[in-house]
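Novice: Following this line is data_2.pdb, made up of PDB, C-alpha atoms:
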ATOM      1  CA  MET A 247       0.000   0.000   0.000
ATOM      2  CA  SER A 248       1.413   3.383  -1.000
ATOM      3  CA  VAL A 249       1.505   6.108   1.675
ATOM      4  CA  VAL A 250       2.284   9.823   1.417
ATOM      5  CA  ILE A 251       3.344  11.776   4.504
ATOM      6  CA  ALA A 252       3.046  15.478   3.669
ATOM      7  CA  GLY A 253       5.228  17.113   6.282
ATOM      8  CA  CYS A 254       7.783  14.561   7.393
ATOM      9  CA  GLY A 255       9.011  16.200  10.601
ATOM     10  CA  ASP A 256       9.295  14.491  13.968
ATOM     11  CA  LEU A 257       5.696  13.300  14.207
ATOM     12  CA  GLY A 258       5.232  12.668  10.487
ATOM     13  CA  THR A 259       8.420  10.616  10.387
ATOM     14  CA  GLU A 260       7.330   8.525  13.375
ATOM     15  CA  ILE A 261       3.981   7.855  11.687
ATOM     16  CA  GLY A 262       5.770   6.908   8.473
ATOM     17  CA  LEU A 263       8.204   4.559  10.186
ATOM     18  CA  ARG A 264       5.352   2.742  11.908
ATOM     19  CA  LEU A 265       3.511   2.326   8.616
ATOM     20  CA  ALA A 266       6.707   1.105   6.935
ATOM     21  CA  GLU A 267       7.042  -1.515   9.682
ATOM     22  CA  GLN A 268       3.633  -2.787   8.601
ATOM     23  CA  GLY A 269       4.953  -3.273   5.080
ATOM     24  CA  HIS A 270       3.721  -0.092   3.415
ATOM     25  CA  GLU A 271       5.809   1.922   0.953
ATOM     26  CA  VAL A 272       6.051   5.424   2.410
ATOM     27  CA  LEU A 273       6.904   8.646   0.567
ATOM     28  CA  GLY A 274       7.876  11.500   2.897
ATOM     29  CA  LEU A 275       7.588  15.096   1.683
ATOM     30  CA  ARG A 276       9.753  17.811   3.221
ATOM     31  CA  ARG A 277      12.085  20.577   2.110
ATOM     32  CA  ARG A 278      15.213  18.578   2.944
ATOM     33  CA  ALA A 279      14.626  15.075   1.640
ATOM     34  CA  GLU A 280      17.985  13.894   2.996
ATOM     35  CA  LEU A 281      16.520  14.151   6.520
ATOM     36  CA  VAL A 282      13.855  11.553   5.749
ATOM     37  CA  PRO A 283      15.210   8.285   7.221
ATOM     38  CA  PRO A 284      15.098   4.939   5.414
ATOM     39  CA  PRO A 285      13.114   2.879   4.693
ATOM     40  CA  LEU A 286      10.992   5.973   3.991
ATOM     41  CA  ILE A 287      11.564   7.547   0.573
ATOM     42  CA  GLY A 288      12.217  11.282   0.748
ATOM     43  CA  LEU A 289      10.910  13.792  -1.796
ATOM     44  CA  ALA A 290      12.288  17.348  -1.608
ATOM     45  CA  VAL A 291       9.452  19.847  -1.954
ATOM     46  CA  ASP A 292       8.422  23.136  -0.348
ATOM     47  CA  LEU A 293       4.701  22.532   0.028
ATOM     48  CA  SER A 294       4.045  26.172   0.836
ATOM     49  CA  THR A 295       4.970  27.129  -2.735
ATOM     50  CA  GLU A 296       5.236  23.918  -4.799
ATOM     51  CA  VAL A 297       2.911  21.212  -6.053
ATOM     52  CA  PRO A 298       4.533  17.801  -5.433
ATOM     53  CA  GLU A 299       4.798  15.145  -8.133
ATOM     54  CA  LEU A 300       3.032  12.178  -6.586
ATOM     55  CA  PRO A 301       2.404   8.576  -7.656
ATOM     56  CA  GLY A 302      -1.027   7.574  -8.875
ATOM     57  CA  ASP A 303      -1.482   4.701  -6.425
ATOM     58  CA  VAL A 304      -1.578   6.645  -3.150
ATOM     59  CA  GLU A 305      -3.917   4.829  -0.764
ATOM     60  CA  LEU A 306      -3.104   6.529   2.534
ATOM     61  CA  LEU A 307      -2.416  10.247   3.033
ATOM     62  CA  VAL A 308      -1.171  11.995   6.156
ATOM     63  CA  VAL A 309      -0.979  15.806   6.203
ATOM     64  CA  ALA A 310       1.313  16.743   9.085
ATOM     65  CA  THR A 311       2.776  20.062   7.976
ATOM     66  CA  ALA A 312       4.235  22.499  10.493
ATOM     67  CA  ALA A 313       4.611  26.271  10.378
ATOM     68  CA  ASP A 314       8.013  27.952  10.325
ATOM     69  CA  GLY A 315       6.872  30.565  12.838
ATOM     70  CA  ARG A 316       4.012  31.654  15.066
ATOM     71  CA  THR A 317       2.555  34.264  12.721
ATOM     72  CA  PRO A 318      -0.745  33.860  10.862
ATOM     73  CA  GLU A 319       1.186  34.216   7.594
ATOM     74  CA  ALA A 320       3.471  31.302   8.469
ATOM     75  CA  TYR A 321       0.454  29.216   9.438
ATOM     76  CA  ARG A 322      -1.372  30.004   6.190
ATOM     77  CA  ALA A 323       1.687  29.011   4.165
ATOM     78  CA  ALA A 324       2.061  25.691   5.984
ATOM     79  CA  TYR A 325      -1.506  24.627   6.643
ATOM     80  CA  LEU A 326      -3.578  26.220   3.869
ATOM     81  CA  ASP A 327      -1.170  26.613   0.947
ATOM     82  CA  GLY A 328       0.536  23.326   1.790
ATOM     83  CA  LEU A 329      -2.768  21.455   1.881
ATOM     84  CA  ARG A 330      -3.902  22.969  -1.421
ATOM     85  CA  HIS A 331      -0.655  21.976  -3.098
ATOM     86  CA  VAL A 332      -0.880  18.405  -1.802
ATOM     87  CA  ALA A 333      -4.453  18.131  -3.090
ATOM     88  CA  ASP A 334      -3.365  19.576  -6.457
ATOM     89  CA  GLY A 335      -0.551  17.031  -6.662
ATOM     90  CA  LEU A 336      -2.914  14.153  -5.979
ATOM     91  CA  ARG A 337      -5.383  15.379  -8.614
ATOM     92  CA  ALA A 338      -2.609  15.745 -11.175
ATOM     93  CA  ALA A 339      -1.546  12.149 -10.469
ATOM     94  CA  GLY A 340      -5.115  10.869 -10.654
ATOM     95  CA  ALA A 341      -4.809   9.568  -7.096
ATOM     96  CA  LEU A 342      -7.674   9.327  -4.618
ATOM     97  CA  PRO A 343      -6.437   8.116  -1.229
ATOM     98  CA  ARG A 344      -8.628   5.508   0.419
ATOM     99  CA  ARG A 345      -7.977   7.236   3.753
ATOM    100  CA  ALA A 346      -6.737  10.742   4.463
ATOM    101  CA  LEU A 347      -5.712  12.123   7.844
ATOM    102  CA  LEU A 348      -5.019  15.735   8.822
ATOM    103  CA  ILE A 349      -2.992  16.458  11.941
ATOM    104  CA  SER A 350      -4.528  19.525  13.575
ATOM    105  CA  SER A 351      -4.446  21.021  17.056
ATOM    106  CA  THR A 352      -6.826  21.305  19.982
ATOM    107  CA  ALA A 353      -5.947  25.008  19.940
ATOM    108  CA  VAL A 354      -9.036  25.380  17.720
ATOM    109  CA  CYS A 355     -11.167  24.414  20.747
ATOM    110  CA  GLY A 356     -10.371  27.684  22.530
ATOM    111  CA  ASP A 357     -10.971  28.291  26.244
ATOM    112  CA  ALA A 358     -13.665  26.247  27.960
ATOM    113  CA  GLY A 359     -13.152  27.834  31.374
ATOM    114  CA  GLY A 360     -11.976  24.521  32.790
ATOM    115  CA  GLY A 361     -14.920  22.595  31.353
ATOM    116  CA  GLU A 362     -14.853  19.343  29.412
ATOM    117  CA  VAL A 363     -14.363  19.491  25.645
ATOM    118  CA  THR A 364     -15.345  16.706  23.238
ATOM    119  CA  GLU A 365     -15.553  16.380  19.470
ATOM    120  CA  ASP A 366     -19.124  17.687  19.714
ATOM    121  CA  THR A 367     -18.026  20.942  21.368
ATOM    122  CA  PRO A 368     -18.168  23.765  18.781
ATOM    123  CA  PRO A 369     -14.663  25.044  17.969
ATOM    124  CA  ASP A 370     -13.860  28.480  19.310
ATOM    125  CA  PRO A 371     -10.379  29.578  18.176
ATOM    126  CA  THR A 372      -9.203  32.560  20.213
ATOM    127  CA  THR A 373      -5.975  33.356  18.355
ATOM    128  CA  PRO A 374      -5.278  34.185  14.692
ATOM    129  CA  THR A 375      -3.144  31.044  14.294
ATOM    130  CA  ALA A 376      -5.852  28.818  15.755
ATOM    131  CA  GLN A 377      -8.317  30.391  13.324
ATOM    132  CA  VAL A 378      -6.019  29.393  10.439
ATOM    133  CA  LEU A 379      -5.938  25.817  11.758
ATOM    134  CA  LEU A 380      -9.733  25.714  11.758
ATOM    135  CA  GLU A 381      -9.764  27.026   8.183
ATOM    136  CA  ALA A 382      -7.316  24.247   7.268
ATOM    137  CA  GLU A 383      -9.669  21.644   8.769
ATOM    138  CA  GLU A 384     -12.534  23.038   6.698
ATOM    139  CA  LEU A 385     -10.410  23.014   3.545
ATOM    140  CA  PHE A 386      -9.311  19.458   4.260
ATOM    141  CA  HIS A 387     -12.920  18.284   4.522
ATOM    142  CA  GLU A 388     -13.699  20.053   1.233
ATOM    143  CA  GLN A 389     -10.812  18.305  -0.503
ATOM    144  CA  PHE A 390     -11.257  14.925   1.227
ATOM    145  CA  PRO A 391     -14.889  14.530   2.351
ATOM    146  CA  HIS A 392     -14.113  11.038   3.637
ATOM    147  CA  GLY A 393     -11.049  12.248   5.560
ATOM    148  CA  THR A 394     -10.353  12.344   9.290
ATOM    149  CA  VAL A 395      -9.013  15.235  11.382
ATOM    150  CA  LEU A 396      -6.947  14.344  14.449
ATOM    151  CA  ARG A 397      -6.718  17.329  16.793
ATOM    152  CA  LEU A 398      -3.709  16.806  19.044
ATOM    153  CA  SER A 399      -3.156  18.395  22.421
ATOM    154  CA  GLY A 400       0.323  19.441  23.565
ATOM    155  CA  ILE A 401       2.864  16.980  22.189
ATOM    156  CA  TYR A 402       5.829  15.964  24.336
ATOM    157  CA  GLY A 403       8.309  13.130  24.071
ATOM    158  CA  PRO A 404      11.903  12.465  23.002
ATOM    159  CA  GLY A 405      13.791  15.735  22.667
ATOM    160  CA  ARG A 406      10.799  17.814  23.761
ATOM    161  CA  THR A 407      12.035  18.882  27.175
ATOM    162  CA  ARG A 408      10.673  22.424  27.647
ATOM    163  CA  LEU A 409       8.975  21.696  30.976
ATOM    164  CA  ILE A 410      11.852  19.514  32.181
ATOM    165  CA  ASP A 411      14.329  22.285  31.408
ATOM    166  CA  LYS A 412      12.192  24.828  33.265
ATOM    167  CA  VAL A 413      12.092  22.632  36.361
ATOM    168  CA  ARG A 414      15.820  21.882  36.222
ATOM    169  CA  SER A 415      16.613  25.594  35.968
ATOM    170  CA  GLY A 416      14.579  26.340  39.094
ATOM    171  CA  ASP A 417      12.521  28.814  37.066
ATOM    172  CA  ALA A 418       9.295  26.798  36.935
ATOM    173  CA  ALA A 419       5.991  28.411  37.833
ATOM    174  CA  ALA A 420       2.386  27.782  36.851
ATOM    175  CA  GLY A 421      -1.176  28.508  37.800
ATOM    176  CA  ALA A 422      -4.312  26.429  38.081
ATOM    177  CA  ALA A 423      -5.356  26.345  34.417
ATOM    178  CA  TRP A 424      -6.085  22.875  33.047
ATOM    179  CA  THR A 425      -3.652  21.505  30.476
ATOM    180  CA  ASN A 426      -3.716  18.524  28.151
ATOM    181  CA  ARG A 427      -0.944  16.557  26.483
ATOM    182  CA  ILE A 428      -0.069  13.459  24.496
ATOM    183  CA  HIS A 429       3.215  11.621  24.086
ATOM    184  CA  ARG A 430       4.534  11.747  20.521
ATOM    185  CA  ASP A 431       4.569   7.966  20.257
ATOM    186  CA  ASP A 432       0.916   7.756  21.284
ATOM    187  CA  ALA A 433       0.036  10.489  18.785
ATOM    188  CA  ALA A 434       1.779   8.498  16.049
ATOM    189  CA  ALA A 435       0.126   5.253  17.126
ATOM    190  CA  ALA A 436      -3.290   6.931  17.088
ATOM    191  CA  ALA A 437      -2.685   8.240  13.560
ATOM    192  CA  VAL A 438      -1.638   4.804  12.308
ATOM    193  CA  HIS A 439      -4.666   3.206  13.969
ATOM    194  CA  LEU A 440      -7.103   5.627  12.321
ATOM    195  CA  LEU A 441      -5.481   5.032   8.934
ATOM    196  CA  THR A 442      -5.548   1.250   9.145
ATOM    197  CA  MET A 443      -8.509   0.272  11.355
ATOM    198  CA  ASP A 444     -11.077  -2.031   9.783
ATOM    199  CA  ALA A 445     -14.057   0.250  10.282
ATOM    200  CA  GLN A 446     -14.223   3.620   8.535
ATOM    201  CA  PRO A 447     -13.012   6.213  11.064
ATOM    202  CA  LEU A 448     -15.166   9.200  11.947
ATOM    203  CA  THR A 449     -14.319  12.653  10.625
ATOM    204  CA  LEU A 450     -12.918  14.067  13.893
ATOM    205  CA  TYR A 451     -11.009  12.813  16.934
ATOM    206  CA  LEU A 452      -9.318  14.545  19.860
ATOM    207  CA  GLY A 453      -5.851  13.108  20.416
ATOM    208  CA  THR A 454      -4.939  13.475  24.064
ATOM    209  CA  ASP A 455      -4.084  11.250  27.017
ATOM    210  CA  ASP A 456      -6.375  10.068  29.785
ATOM    211  CA  GLU A 457      -5.703  12.777  32.351
ATOM    212  CA  PRO A 458      -6.169  16.523  31.915
ATOM    213  CA  VAL A 459      -4.206  18.182  34.686
ATOM    214  CA  PRO A 460      -3.194  21.634  35.970
ATOM    215  CA  GLU A 461       0.309  22.401  34.713
ATOM    216  CA  LEU A 462       1.492  23.054  38.268
ATOM    217  CA  GLU A 463       0.815  19.410  39.112
ATOM    218  CA  VAL A 464       2.988  18.284  36.191
ATOM    219  CA  LEU A 465       5.786  20.632  37.257
ATOM    220  CA  GLU A 466       5.599  19.360  40.842
ATOM    221  CA  PHE A 467       5.833  15.779  39.587
ATOM    222  CA  LEU A 468       8.898  16.605  37.480
ATOM    223  CA  ALA A 469      10.520  18.437  40.395
ATOM    224  CA  GLN A 470      10.069  15.360  42.566
ATOM    225  CA  GLU A 471      11.476  13.071  39.854
ATOM    226  CA  LEU A 472      14.480  15.360  39.296
ATOM    227  CA  GLY A 473      15.098  16.298  42.906
ATOM    228  CA  ALA A 474      14.632  19.948  41.924
ATOM    229  CA  PRO A 475      13.060  22.806  43.908
ATOM    230  CA  ARG A 476       9.285  22.865  44.095
ATOM    231  CA  PRO A 477       7.839  25.107  41.370
ATOM    232  CA  GLU A 478       6.117  28.346  42.238
ATOM    233  CA  ASP A 479       2.329  28.417  42.420
ATOM    234  CA  VAL A 480       1.280  31.543  40.532
ATOM    235  CA  PRO A 481      -2.202  32.988  41.175
ATOM    236  CA  GLU A 482      -4.299  32.627  38.045
ATOM    237  CA  ALA A 483      -4.861  36.372  37.914
ATOM    238  CA  ASP A 484      -1.104  36.863  37.536
ATOM    239  CA  SER A 485      -0.647  34.095  34.939
ATOM    240  CA  PRO A 486      -0.515  34.729  31.190
ATOM    241  CA  PRO A 487      -3.934  34.132  29.607
ATOM    242  CA  ARG A 488      -4.332  30.619  28.233
ATOM    243  CA  GLY A 489      -7.128  28.275  27.301
ATOM    244  CA  SER A 490      -8.227  26.158  30.265
ATOM    245  CA  LYS A 491     -10.070  23.008  29.228
ATOM    246  CA  ARG A 492     -10.313  19.322  29.998
ATOM    247  CA  LEU A 493     -10.127  17.364  26.751
ATOM    248  CA  SER A 494     -11.861  14.008  26.481
ATOM    249  CA  ASN A 495     -10.264  11.156  24.508
ATOM    250  CA  ARG A 496     -13.344   8.949  24.863
ATOM    251  CA  ARG A 497     -14.026   8.753  21.132
ATOM    252  CA  LEU A 498     -10.412   7.902  20.322
ATOM    253  CA  ARG A 499     -10.331   5.223  23.018
ATOM    254  CA  GLU A 500     -13.602   3.740  21.783
ATOM    255  CA  SER A 501     -12.098   3.423  18.286
ATOM    256  CA  GLY A 502      -9.608   0.937  19.739
ATOM    257  CA  VAL A 503      -6.564   3.120  20.420
ATOM    258  CA  GLU A 504      -4.397   1.933  23.314
ATOM    259  CA  LEU A 505      -2.064   4.464  24.909
ATOM    260  CA  ARG A 506       1.401   3.400  25.991
ATOM    261  CA  HIS A 507       1.596   6.547  28.139
ATOM    262  CA  PRO A 508      -1.946   7.071  29.478
ATOM    263  CA  THR A 509      -0.878   9.961  31.734
ATOM    264  CA  TYR A 510       1.968  12.443  32.005
ATOM    265  CA  ARG A 511       3.583  10.281  34.690
ATOM    266  CA  GLU A 512       4.380   7.328  32.412
ATOM    267  CA  GLY A 513       5.225   9.652  29.554
ATOM    268  CA  TYR A 514       7.638  11.936  31.354
ATOM    269  CA  ARG A 515       9.308   9.023  33.100
ATOM    270  CA  ALA A 516      10.004   7.600  29.629
ATOM    271  CA  VAL A 517      11.441  10.952  28.504
ATOM    272  CA  LEU A 518      13.604  11.220  31.629
ATOM    273  CA  ALA A 519      14.842   7.671  31.005
ATOM    274  CA  GLY A 520      15.967   8.678  27.519
ATOM    275  CA  GLU A 521      13.524   6.396  25.690
ATOM    276  CA  GLY A 522      13.001   7.087  22.017
ATOM    277  CA  VAL A 523      14.608   9.443  19.516
ATOM    278  CA  ARG A 524      13.394  12.767  18.172
ATOM    279  CA  HIS A 525      13.556  12.781  14.388
ATOM    280  CA  PRO A 526      15.337  15.797  12.867
TER
END
Go ahead and express the file in the form of structure tokens.
Specialist:
Amino acid sequence: MSVVIAGCGDLGTEIGLRLAEQGHEVLGLRRRAELVPPPLIGLAVDLSTEVPELPGDVELLVVATAADGRTPEAYRAAYLDGLRHVADGLRAAGALPRRALLISSTAVCGDAGGGEVTEDTPPDPTTPTAQVLLEAEELFHEQFPHGTVLRLSGIYGPGRTRLIDKVRSGDAAAGAAWTNRIHRDDAAAAAVHLLTMDAQPLTLYLGTDDEPVPELEVLEFLAQELGAPRPEDVPEADSPPRGSKRLSNRRLRESGVELRHPTYREGYRAVLAGEGVRHP
């Protein structure tokens, strides 16, 4: 089965490697094809400006592009222009993927004031970049009506040590806002599951672990694991504004996904133990 990974960065590469292990031929699209590891086949293309030359037998498509910066312009180039160019390349090749998956972000869900958010909760993007992501989801459904959007919460894992570094430096502080996260390997496993499950997947899933948690609790756990000073508890009124929500992964779990790291505890212990490799 032929697979195209449009945006073969850390997560896209991990998805591609897992599909290759299942025997699929995987074509990874990124600007620097030499960074795409074997057995994946790299194709050098700047999706923000170029239409890729694709094979006509593509059966599985993953769109996992990433923006070069945090501006709306960078997001439009990566998520809207990139998606259009991938769709144009598939049309030119006469290819219609049997399954298509877009990696999006739970940033489109906005701020629920600490309440629970599910796939049925109307999106409410509160930043210009989140609005672009929602537009990309809408464009994806126009181009691939049978496709599936996987909205991921905060990804952590090998090489993603922002919170660990903050705790180690003694400069960690957080308030009471709810946060949500998913280990990169679980995000990749969820993507592969949705692409290859027997039943037709639904059009939208939230990709997050089993336990929404205030960030302060995560920092306190890391401080205990590292033997570092306890992080500062910042009153919410003094904290930078951020979306506080408790994401539900019920639909993803019911599809048959099993998480290797069901909470931040298992996941961060794996990171601290040096498990896994971040793909360049």
Novice: When distances are computed from all atoms listed in the file, which of A:Trp424, A:Ala418, A:Glu384, A:Val297 shows the smallest separation from Asp357 of chain A?
Specialist: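 Looking only at the distances to Asp357 of chain A, the closest residue turns out to be A:Trp424.
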Novice: Give as a list in words the residues that the PyMOL selection byres ((chain A and resi 429) around 6) matches when applied to the coordinates above.
Specialist: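 Evaluating the PyMOL selection byres ((chain A and resi 429) around 6) on these coordinates yields Ile401, Tyr402, Gly403, Ile428, Arg430, Asp431 and Asp432 of chain A.
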Novice: What's the 7 Å shell around Ile251 of chain A, counting all atoms listed in the file, without same-chain residues fewer than 3 positions away, as a list in words?
Specialist: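 These residues fall inside the cut-off: Cys254, Gly258, Gly262, Leu273, Gly274, Leu275, Leu307, Val308 and Val309 of chain A.
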Novice: Counting all atoms listed in the file, write as a list of chain:residue names all protein and nucleic acid residues lying at most 7 Å from (-15.2, 25.8, 20.4) in the file's frame.
Specialist: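 Output of the proximity query reads A:Val354, A:Cys355, A:Gly356, A:Thr367, A:Pro368, A:Pro369, A:Asp370, A:Pro371.
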Novice: Tell me which residues the PyMOL selection byres ((chain A and resi 347) around 6) grabs here, as a list of chain:residue names.
Specialist: A:Val308, A:Ala346, A:Leu348, A:Gly393, A:Thr394, A:Val395
Novice: Keeping C-alpha atoms, export the residues of the selection given above as a PDB file, keeping the file's coordinate frame.
Specialist:
ATOM      1  CA  VAL A 308      -1.171  11.995   6.156  1.00  0.00           C
ATOM      2  CA  ALA A 346      -6.737  10.742   4.463  1.00  0.00           C
ATOM      3  CA  LEU A 348      -5.019  15.735   8.822  1.00  0.00           C
ATOM      4  CA  GLY A 393     -11.049  12.248   5.560  1.00  0.00           C
ATOM      5  CA  THR A 394     -10.353  12.344   9.290  1.00  0.00           C
ATOM      6  CA  VAL A 395      -9.013  15.235  11.382  1.00  0.00           C
TER       7      VAL A 395
END
Novice: Rank nothing, just name the residue among A:Ile287, A:Thr364, A:Gly340, A:Pro374 nearest to Arg322 of chain A, using all atoms listed in the file.
Specialist: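 Answer, going by the shortest atom-to-atom distance: A:Pro374.
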Novice: Report as a tab-separated table: every residue of segment 486-511 of chain A with an atom at most 7 Å from segment 455-466 of chain A, its closest pair of atoms, and their distance in Å to one decimal, counting only C-alpha atoms, with rows sorted by chain and ascending residue number.
Specialist:
residue	atom	partner	partner_atom	distance
A:Arg492	CA	A:Pro458	CA	5.4
A:Leu493	CA	A:Pro458	CA	6.6
A:Asn495	CA	A:Asp456	CA	6.6
A:Pro508	CA	A:Asp455	CA	5.3
A:Thr509	CA	A:Glu457	CA	5.6
Novice: With 4 Å on each side, where is the centre of the axis-aligned box around all listed atoms of segment 329-332 of chain A, and how long are its edges in Å to one decimal, as JSON?
Specialist:
{"center_x": -2.3, "center_y": 20.7, "center_z": -0.6, "size_x": 11.2, "size_y": 12.6, "size_z": 13.0}
Novice: Atom CA of Ala312 of chain A and atom CA of Asp417 of chain A, how far apart in Å?
Specialist: 28.5 Å
Novice: Any chance you could resolve the PyMOL selection byres ((chain A and resi 491) around 8) against this file and give the residues as a PDB file with C-alpha atoms, in the frame of the given file?
Specialist:
ATOM      1  CA  ASP A 357     -10.971  28.291  26.244  1.00  0.00           C
ATOM      2  CA  ALA A 358     -13.665  26.247  27.960  1.00  0.00           C
ATOM      3  CA  GLY A 359     -13.152  27.834  31.374  1.00  0.00           C
ATOM      4  CA  GLY A 360     -11.976  24.521  32.790  1.00  0.00           C
ATOM      5  CA  GLY A 361     -14.920  22.595  31.353  1.00  0.00           C
ATOM      6  CA  GLU A 362     -14.853  19.343  29.412  1.00  0.00           C
ATOM      7  CA  VAL A 363     -14.363  19.491  25.645  1.00  0.00           C
ATOM      8  CA  ALA A 423      -5.356  26.345  34.417  1.00  0.00           C
ATOM      9  CA  TRP A 424      -6.085  22.875  33.047  1.00  0.00           C
ATOM     10  CA  THR A 425      -3.652  21.505  30.476  1.00  0.00           C
ATOM     11  CA  ASN A 426      -3.716  18.524  28.151  1.00  0.00           C
ATOM     12  CA  GLY A 489      -7.128  28.275  27.301  1.00  0.00           C
ATOM     13  CA  SER A 490      -8.227  26.158  30.265  1.00  0.00           C
ATOM     14  CA  ARG A 492     -10.313  19.322  29.998  1.00  0.00           C
ATOM     15  CA  LEU A 493     -10.127  17.364  26.751  1.00  0.00           C
TER      16      LEU A 493
END
Novice: Would you list the residues near (11.0, 14.6, 15.0) (no more than 8 Å away, in the coordinates of the file, using all atoms listed in the file) as a list in words?
Specialist: Gly255, Asp256, Leu257, Gly258, Thr259, Glu260, Val523, Arg524, His525 and Pro526 of chain A
Novice: For the atom pair atom CA of Asp327 of chain A and atom CA of Asp292 of chain A, what is the interatomic distance in Å to one decimal place?
Specialist: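 Computing the Euclidean distance for atom CA of Asp327 of chain A and atom CA of Asp292 of chain A yields 10.3 Å.
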Novice: Just to confirm, what's the straight-line distance from atom CA of Ser494 of chain A to atom CA of Thr449 of chain A in Å (one decimal)?
Specialist: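 Rounded to one decimal, the two atoms are 16.1 Å apart.
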Novice: Between A:Glu478, A:Ala310, A:Gly335, A:Ala419, single out the one closest to Leu396 of chain A, counting only C-alpha atoms.
Specialist: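 So, comparing all the options, the nearest one is A:Ala310.
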Novice: Between A:Gly416, A:Gly288, A:Pro343, A:Gly315, which residue has the minimum interatomic distance to Asp303 of chain A, considering all atoms listed in the file?
Specialist: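 Checking each candidate against Asp303 of chain A, we get A:Pro343 as the closest.
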Novice: Quick one: of A:Thr375, A:Glu280, A:His270, A:Tyr514, who's nearest to Thr407 of chain A, counting all atoms listed in the file?
Specialist: A:Tyr514
Novice: A:Leu336, A:Ala324, A:Ile349, A:Leu289: which is nearest Val438 of chain A, counting only C-alpha atoms?
Specialist: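 For Val438 of chain A, the nearest of the candidates is A:Ile349.
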Novice: For Gln389 of chain A, find every residue with an atom within 8 Å (counting only C-alpha atoms), except residues of its own chain fewer than 3 positions away, and show them as a list in words.
Specialist: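 These residues fall inside the cut-off: Ala333, Leu385 and Phe386 of chain A.
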